[in-house]
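A quick write-up on the structure given underneath.
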Amino acid sequence: MTEAHRPTIAIFPGSFDPMTTGHRDIISRAARLFDRLVVAILVNPEKAPLFSVPERVALLREVLAEWPTVEVDTFGGLLVDYAQRRGAAAVVRGLRALSDFEYEMQMALMNRRLSPRLETVFMMPAETYSYVSSRLVKEVFALGGSITGLVPEVVEARLRERRQA
Ligand code: PNS
């Protein structure tokens, strides 16, 4: 395949614990920009997650089944090494508010230092999701609040099953 026809692959990395409607919004936008989008779940053995990695993979696959060019995978180690293995040209990150910017810029510049040809592309979610984060969803759910609309329906159903178990 010539350079001009090589599909542009992007990675959307994260913890996705749990996946939120904000993540889904960014994925739907990025899927329109890139030929292939790999949603990559970080395997982080130090964290005590809400959902195990296989559970997160299954939930993401179910939610993302409608987008044929979107794939779900897992990775460990450096993101830049994973991106290189996957032949990715870009990393996609969502930017919700100014408060995200500092951390995201540090990561983007560090990744650029490690892998100069890998670009980070920031995308803004719809305003409706600008305050939604996995951390707050977890907290609200743990304290008995409603998370309807903050996570995809299958994720909410799974969390409800947990509460009843
Ligand atoms: O959803 P998160 O937790 O904000 O995602 C953070 C993530 C997974 C993108 C970041 O922690 C990461 O890329 N980790 C992999 C290890 C790595 O490459 N660290 C150096 C980043 S500058």
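Naming works like this for the structure tokens: A, B, ... for the chains as they're shown, residue 1 at the start of each chain, ligands 1 onward in shown order.
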Pull the closest atom pair for each residue of chain A that gets at most 12 Å from ligand 1, along with the distance in Å to one decimal, counting only C-alpha atoms and all ligand atoms, ordering rows by chain and then ascending residue number, as a Markdown table.
| residue | atom | partner | partner_atom_place_in_ligand_line | distance |
| --- | --- | --- | --- | --- |
| A:Ile11 | CA | ligand 1 | 9 (C) | 9.7 |
| A:Phe12 | CA | ligand 1 | 9 (C) | 7.9 |
| A:Pro13 | CA | ligand 1 | 9 (C) | 4.8 |
| A:Gly14 | CA | ligand 1 | 1 (O) | 3.4 |
| A:Ser15 | CA | ligand 1 | 1 (O) | 4.1 |
| A:Phe16 | CA | ligand 1 | 1 (O) | 5.9 |
| A:Asp17 | CA | ligand 1 | 1 (O) | 7.9 |
| A:Pro18 | CA | ligand 1 | 1 (O) | 9.5 |
| A:Met19 | CA | ligand 1 | 1 (O) | 9.3 |
| A:Thr20 | CA | ligand 1 | 1 (O) | 10.7 |
| A:Gly22 | CA | ligand 1 | 1 (O) | 11.6 |
| A:His23 | CA | ligand 1 | 1 (O) | 9.5 |
| A:Val39 | CA | ligand 1 | 8 (C) | 10.6 |
| A:Ala40 | CA | ligand 1 | 8 (C) | 8.1 |
| A:Ile41 | CA | ligand 1 | 8 (C) | 7.0 |
| A:Leu42 | CA | ligand 1 | 8 (C) | 5.1 |
| A:Val43 | CA | ligand 1 | 8 (C) | 8.4 |
| A:Asn44 | CA | ligand 1 | 14 (N) | 8.5 |
| A:Pro45 | CA | ligand 1 | 15 (C) | 11.9 |
| A:Lys47 | CA | ligand 1 | 3 (O) | 10.5 |
| A:Pro49 | CA | ligand 1 | 3 (O) | 11.3 |
| A:Thr74 | CA | ligand 1 | 8 (C) | 10.2 |
| A:Phe75 | CA | ligand 1 | 15 (C) | 8.1 |
| A:Gly76 | CA | ligand 1 | 15 (C) | 6.8 |
| A:Gly77 | CA | ligand 1 | 16 (C) | 5.4 |
| A:Leu78 | CA | ligand 1 | 18 (O) | 3.4 |
| A:Leu79 | CA | ligand 1 | 18 (O) | 3.8 |
| A:Val80 | CA | ligand 1 | 18 (O) | 6.1 |
| A:Asp81 | CA | ligand 1 | 18 (O) | 7.9 |
| A:Tyr82 | CA | ligand 1 | 18 (O) | 8.6 |
| A:Ala83 | CA | ligand 1 | 18 (O) | 9.7 |
| A:Gln84 | CA | ligand 1 | 18 (O) | 11.8 |
| A:Val91 | CA | ligand 1 | 9 (C) | 9.0 |
| A:Val92 | CA | ligand 1 | 9 (C) | 9.3 |
| A:Arg93 | CA | ligand 1 | 9 (C) | 7.8 |
| A:Gly94 | CA | ligand 1 | 4 (O) | 9.2 |
| A:Leu95 | CA | ligand 1 | 4 (O) | 10.5 |
| A:Arg96 | CA | ligand 1 | 4 (O) | 11.7 |
| A:Asp100 | CA | ligand 1 | 4 (O) | 9.5 |
| A:Phe101 | CA | ligand 1 | 4 (O) | 11.7 |
| A:Tyr103 | CA | ligand 1 | 4 (O) | 9.1 |
| A:Glu104 | CA | ligand 1 | 4 (O) | 8.5 |
| A:Met105 | CA | ligand 1 | 22 (S) | 9.2 |
| A:Gln106 | CA | ligand 1 | 22 (S) | 6.9 |
| A:Met107 | CA | ligand 1 | 22 (S) | 3.9 |
| A:Ala108 | CA | ligand 1 | 22 (S) | 6.5 |
| A:Leu109 | CA | ligand 1 | 22 (S) | 7.5 |
| A:Met110 | CA | ligand 1 | 22 (S) | 4.9 |
| A:Asn111 | CA | ligand 1 | 22 (S) | 5.1 |
| A:Arg112 | CA | ligand 1 | 22 (S) | 8.7 |
| A:Arg113 | CA | ligand 1 | 22 (S) | 9.2 |
| A:Leu114 | CA | ligand 1 | 22 (S) | 8.6 |
| A:Ser115 | CA | ligand 1 | 22 (S) | 10.5 |
| A:Thr120 | CA | ligand 1 | 9 (C) | 10.9 |
| A:Ser133 | CA | ligand 1 | 1 (O) | 9.2 |
| A:Ser134 | CA | ligand 1 | 1 (O) | 8.2 |
| A:Arg135 | CA | ligand 1 | 3 (O) | 9.6 |
Could you pull out the residues in chain A that DSSP calls alpha helix (DSSP H) from the backbone, as a ChimeraX atom specification?
/A:21-33,53-64,79-86,98-114,134-142,153-164
Near Leu59 in chain A, counting only C-alpha atoms, which residues have an atom at most 10 Å away, once you skip same-chain residues fewer than 6 positions from it, shown as an NGL selection string?
:A and (16 or 18-19 or 51 or 53 or 65 or 72 or 152 or 154-155 or 158)
What does the structure give for the distance between CA of Phe141 in chain A and CA of Leu64 in chain A, in Å to one decimal?
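If I compute the distance from CA of Phe141 in chain A to CA of Leu64 in chain A, I get 22.8 Å.
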Please list as number ranges by chain every residue within 12 Å of Leu33 in chain A, counting only C-alpha atoms and excluding residues in the same chain fewer than 4 positions away.
A: 7-10, 26-29, 37, 69-70, 90, 92, 121, 123
